[in-house]
Protein chains: 2
Amino acid sequence: MDEQDTGMKVVHLLRAITVELDRIGERFAGLHALHPTDVRALICLLDAARAGLPATPGMLGARLGLNSAGTTAVIDRLERLGHVRRERDSGDRRRVLLTVEESAVALGWSFFGPLIHEIVTIMGRFDEADQAIIERFLNDVHEAVAQGPAGPEERPHPAASASVVHVHPESPPV
Amino acid sequence: MDEQDTGMKVVHLLRAITVELDRIGERFAGLHALHPTDVRALICLLDAARAGLPATPGMLGARLGLNSAGTTAVIDRLERLGHVRRERDSGDRRRVLLTVEESAVALGWSFFGPLIHEIVTIMGRFDEADQAIIERFLNDVHEAVAQGPAGPEERPHPAASASVVHVHPESPPV
DNA sequence: AGCAAGTATCTCGCCCAGCGAGATAAATTG
DNA sequence: CAATTTATCTCGCTGGGCGAGATACTTGCT
């Protein structure tokens, strides 16, 4: 087999995995009366919590590519379901801090736990050297996708990039 | 480092890659006056075309988890933009066959081409044995995610699963 | 053949997520 | 302490997607 072919096969596998993970997220959303956006928001808030960073509506909206109105709506929904709580920051009283409730954490684990366990198991079937190779590969891919395709096409603010995007009326393909 | 830790690191990398690929898809959508759903539809149609399978609205709607009304709307939008064409199946005249126009294929490559090239390049930096390991790993992960998390929870029709999902009013989290 | 049942797609009317614009409240600066 | 900046929320609107039903064609039954 040619190296290019293996490369393309890997590209398609990565895309297929992405599609499936999206589908799983949607299923999770449907099962718990959430919208896909709400799930993304929860993931974002849990990431922040794990990293020990304070989560605010502003940061959440930027991360999700929503404007302030939409962000308020997402938080309203999650709060109504009891998954997050708003608290005024006592230091800077303009800010609202978002904390995820225990229920949300448990909810996430109950759904994604088995899948995570499965992937850890798959990793366990490789010896340490091979695990290192896999990790290196994924790291490289992550770096590649993190800086976006087609090189630095445009990235005004690293955080709030998705809010407005210019549209080329008719960009001639290739 | 402990094996579990490496496993979890890989899980987080996979999730991060998924998030970034989603973001890239959204950016692509915004740049070309498409909705995320339209992009997913194009990917789906291109996959079918590459596999040599006939694409119909029914199959597309099932794949995207849309009902028939939504499916019609997606196709209307793509057709209006000149990315797909409807053709009556001469054999079974109830059916409509969808063909993607050259413009759509070129469009996809112009955006995702560089990213694909980058990943192929990354793969090229590994020797053949390591490439095989990476491919095996991704294959295993793909199988794991393809059959969904938490085992066979429910899958009435393998195709049209996402259309209706039962909601447990309050499933107690583990 | 001819009619009932099944299948693939489309039309109509509604709901609600997200957007743009603007309001409010608190911190910072001169 | 007024003016400006920052963080969040409220209001009205657009449009993607849904449920229900219509339409057109195929297949099965007698």
# chains A, B, ... in the order shown; residues from 1 in each chain; ligands from 1
>>> interface_residues(of="chain D", to="chain A", cutoff="10 Å", atoms="only C-alpha atoms (C1' of nucleotides)", output="list in words")
DT6, DA7, DT8, DC9 and DT10 of chain D
>>> interface_residues(of="chain C", to="chain A", cutoff="9 Å", atoms="only C-alpha atoms (C1' of nucleotides)", output="PyMOL selection string")
chain C and resi 17-19+25-27
>>> select_by_dssp(residues="stretch 29-149 of chain A", states="helix (DSSP H, G or I)", output="PyMOL selection string")
chain A and resi 29-31+36-51+57-64+68-80+102-124+128-146
>>> residues_around(residues="C:DT29", least_positions_apart="3", cutoff="12 Å", atoms="only C-alpha atoms (C1' of nucleotides)", output="PyMOL selection string")
chain D and resi 1-5
>>> residues_around(residues="D:DG21", least_positions_apart="6", cutoff="12 Å", atoms="only C-alpha atoms (C1' of nucleotides)", output="list of chain:residue names")
B:Ala69, C:DC10, C:DT11, C:DC12, C:DG13
>>> atom_distance(atom1="atom CA of B:Glu79", atom2="atom C1' of C:DC16")
26.2 Å
>>> residues_around(residues="C:DC3", least_positions_apart="3", cutoff="12 Å", atoms="only C-alpha atoms (C1' of nucleotides)", output="PyMOL selection string")
chain D and resi 27-30
>>> write_last_selection(atoms="N, CA and C atoms (P, O5', C5', C4', C3', O3' and C1' of nucleotides)", output="PDB file, in the first residue's frame")
ATOM      1  P    DT D  27     -42.233  -1.699  -8.317  1.00  0.00           P
ATOM      2  O5'  DT D  27     -43.156  -2.497  -7.292  1.00  0.00           O
ATOM      3  C5'  DT D  27     -43.072  -2.210  -5.898  1.00  0.00           C
ATOM      4  C4'  DT D  27     -44.170  -2.946  -5.149  1.00  0.00           C
ATOM      5  C3'  DT D  27     -44.408  -4.401  -5.589  1.00  0.00           C
ATOM      6  O3'  DT D  27     -44.576  -5.200  -4.449  1.00  0.00           O
ATOM      7  C1'  DT D  27     -46.418  -3.208  -5.612  1.00  0.00           C
ATOM      8  P    DG D  28     -44.478  -6.791  -4.530  1.00  0.00           P
ATOM      9  O5'  DG D  28     -45.772  -7.268  -3.707  1.00  0.00           O
ATOM     10  C5'  DG D  28     -46.242  -6.489  -2.605  1.00  0.00           C
ATOM     11  C4'  DG D  28     -47.692  -6.833  -2.293  1.00  0.00           C
ATOM     12  C3'  DG D  28     -48.068  -8.298  -2.588  1.00  0.00           C
ATOM     13  O3'  DG D  28     -49.005  -8.722  -1.604  1.00  0.00           O
ATOM     14  C1'  DG D  28     -49.416  -6.888  -3.886  1.00  0.00           C
ATOM     15  P    DC D  29     -49.382 -10.271  -1.458  1.00  0.00           P
ATOM     16  O5'  DC D  29     -50.973 -10.241  -1.289  1.00  0.00           O
ATOM     17  C5'  DC D  29     -51.653  -9.009  -1.012  1.00  0.00           C
ATOM     18  C4'  DC D  29     -53.076  -9.056  -1.531  1.00  0.00           C
ATOM     19  C3'  DC D  29     -53.603 -10.471  -1.782  1.00  0.00           C
ATOM     20  O3'  DC D  29     -54.927 -10.582  -1.304  1.00  0.00           O
ATOM     21  C1'  DC D  29     -53.788  -9.184  -3.749  1.00  0.00           C
ATOM     22  P    DT D  30     -55.587 -12.021  -1.040  1.00  0.00           P
ATOM     23  O5'  DT D  30     -56.776 -12.042  -2.099  1.00  0.00           O
ATOM     24  C5'  DT D  30     -57.626 -10.882  -2.227  1.00  0.00           C
ATOM     25  C4'  DT D  30     -58.387 -10.953  -3.559  1.00  0.00           C
ATOM     26  C3'  DT D  30     -58.755 -12.382  -3.997  1.00  0.00           C
ATOM     27  O3'  DT D  30     -60.169 -12.461  -4.176  1.00  0.00           O
ATOM     28  C1'  DT D  30     -57.786 -11.185  -5.793  1.00  0.00           C
TER      29       DT D  30
END
>>> select_by_dssp(residues="chain B", states="strand (DSSP E or B)", output="list in words")
Ala55, Val84, Arg85, Arg86, Glu87, Arg88, Val96, Leu97, Leu98, Thr99 and Val100 of chain B
>>> write_last_selection(atoms="N, CA and C atoms", output="tab-separated table (two decimals), in the first residue's frame")
chain	number	residue	atom	x	y	z
B	55	ALA	N	-27.93	8.56	-4.25
B	55	ALA	CA	-28.36	9.37	-3.12
B	55	ALA	C	-29.78	9.86	-3.37
B	84	VAL	N	-26.28	20.93	-5.80
B	84	VAL	CA	-26.82	19.61	-6.13
B	84	VAL	C	-27.91	19.77	-7.20
B	85	ARG	N	-28.28	18.66	-7.81
B	85	ARG	CA	-29.32	18.66	-8.83
B	85	ARG	C	-30.27	17.51	-8.54
B	86	ARG	N	-31.57	17.76	-8.71
B	86	ARG	CA	-32.57	16.69	-8.54
B	86	ARG	C	-32.84	16.06	-9.90
B	87	GLU	N	-32.95	14.73	-9.90
B	87	GLU	CA	-33.30	14.03	-11.13
B	87	GLU	C	-34.24	12.89	-10.78
B	88	ARG	N	-35.35	12.78	-11.49
B	88	ARG	CA	-36.26	11.65	-11.28
B	88	ARG	C	-35.55	10.36	-11.65
B	96	VAL	N	-36.33	10.44	-6.23
B	96	VAL	CA	-35.54	11.52	-6.80
B	96	VAL	C	-34.08	11.21	-6.49
B	97	LEU	N	-33.24	11.28	-7.49
B	97	LEU	CA	-31.82	11.05	-7.27
B	97	LEU	C	-31.10	12.39	-7.16
B	98	LEU	N	-30.18	12.46	-6.22
B	98	LEU	CA	-29.44	13.70	-5.98
B	98	LEU	C	-28.02	13.54	-6.49
B	99	THR	N	-27.58	14.46	-7.31
B	99	THR	CA	-26.19	14.44	-7.77
B	99	THR	C	-25.52	15.74	-7.39
B	100	VAL	N	-24.31	15.63	-6.86
B	100	VAL	CA	-23.56	16.84	-6.49
B	100	VAL	C	-22.88	17.38	-7.73
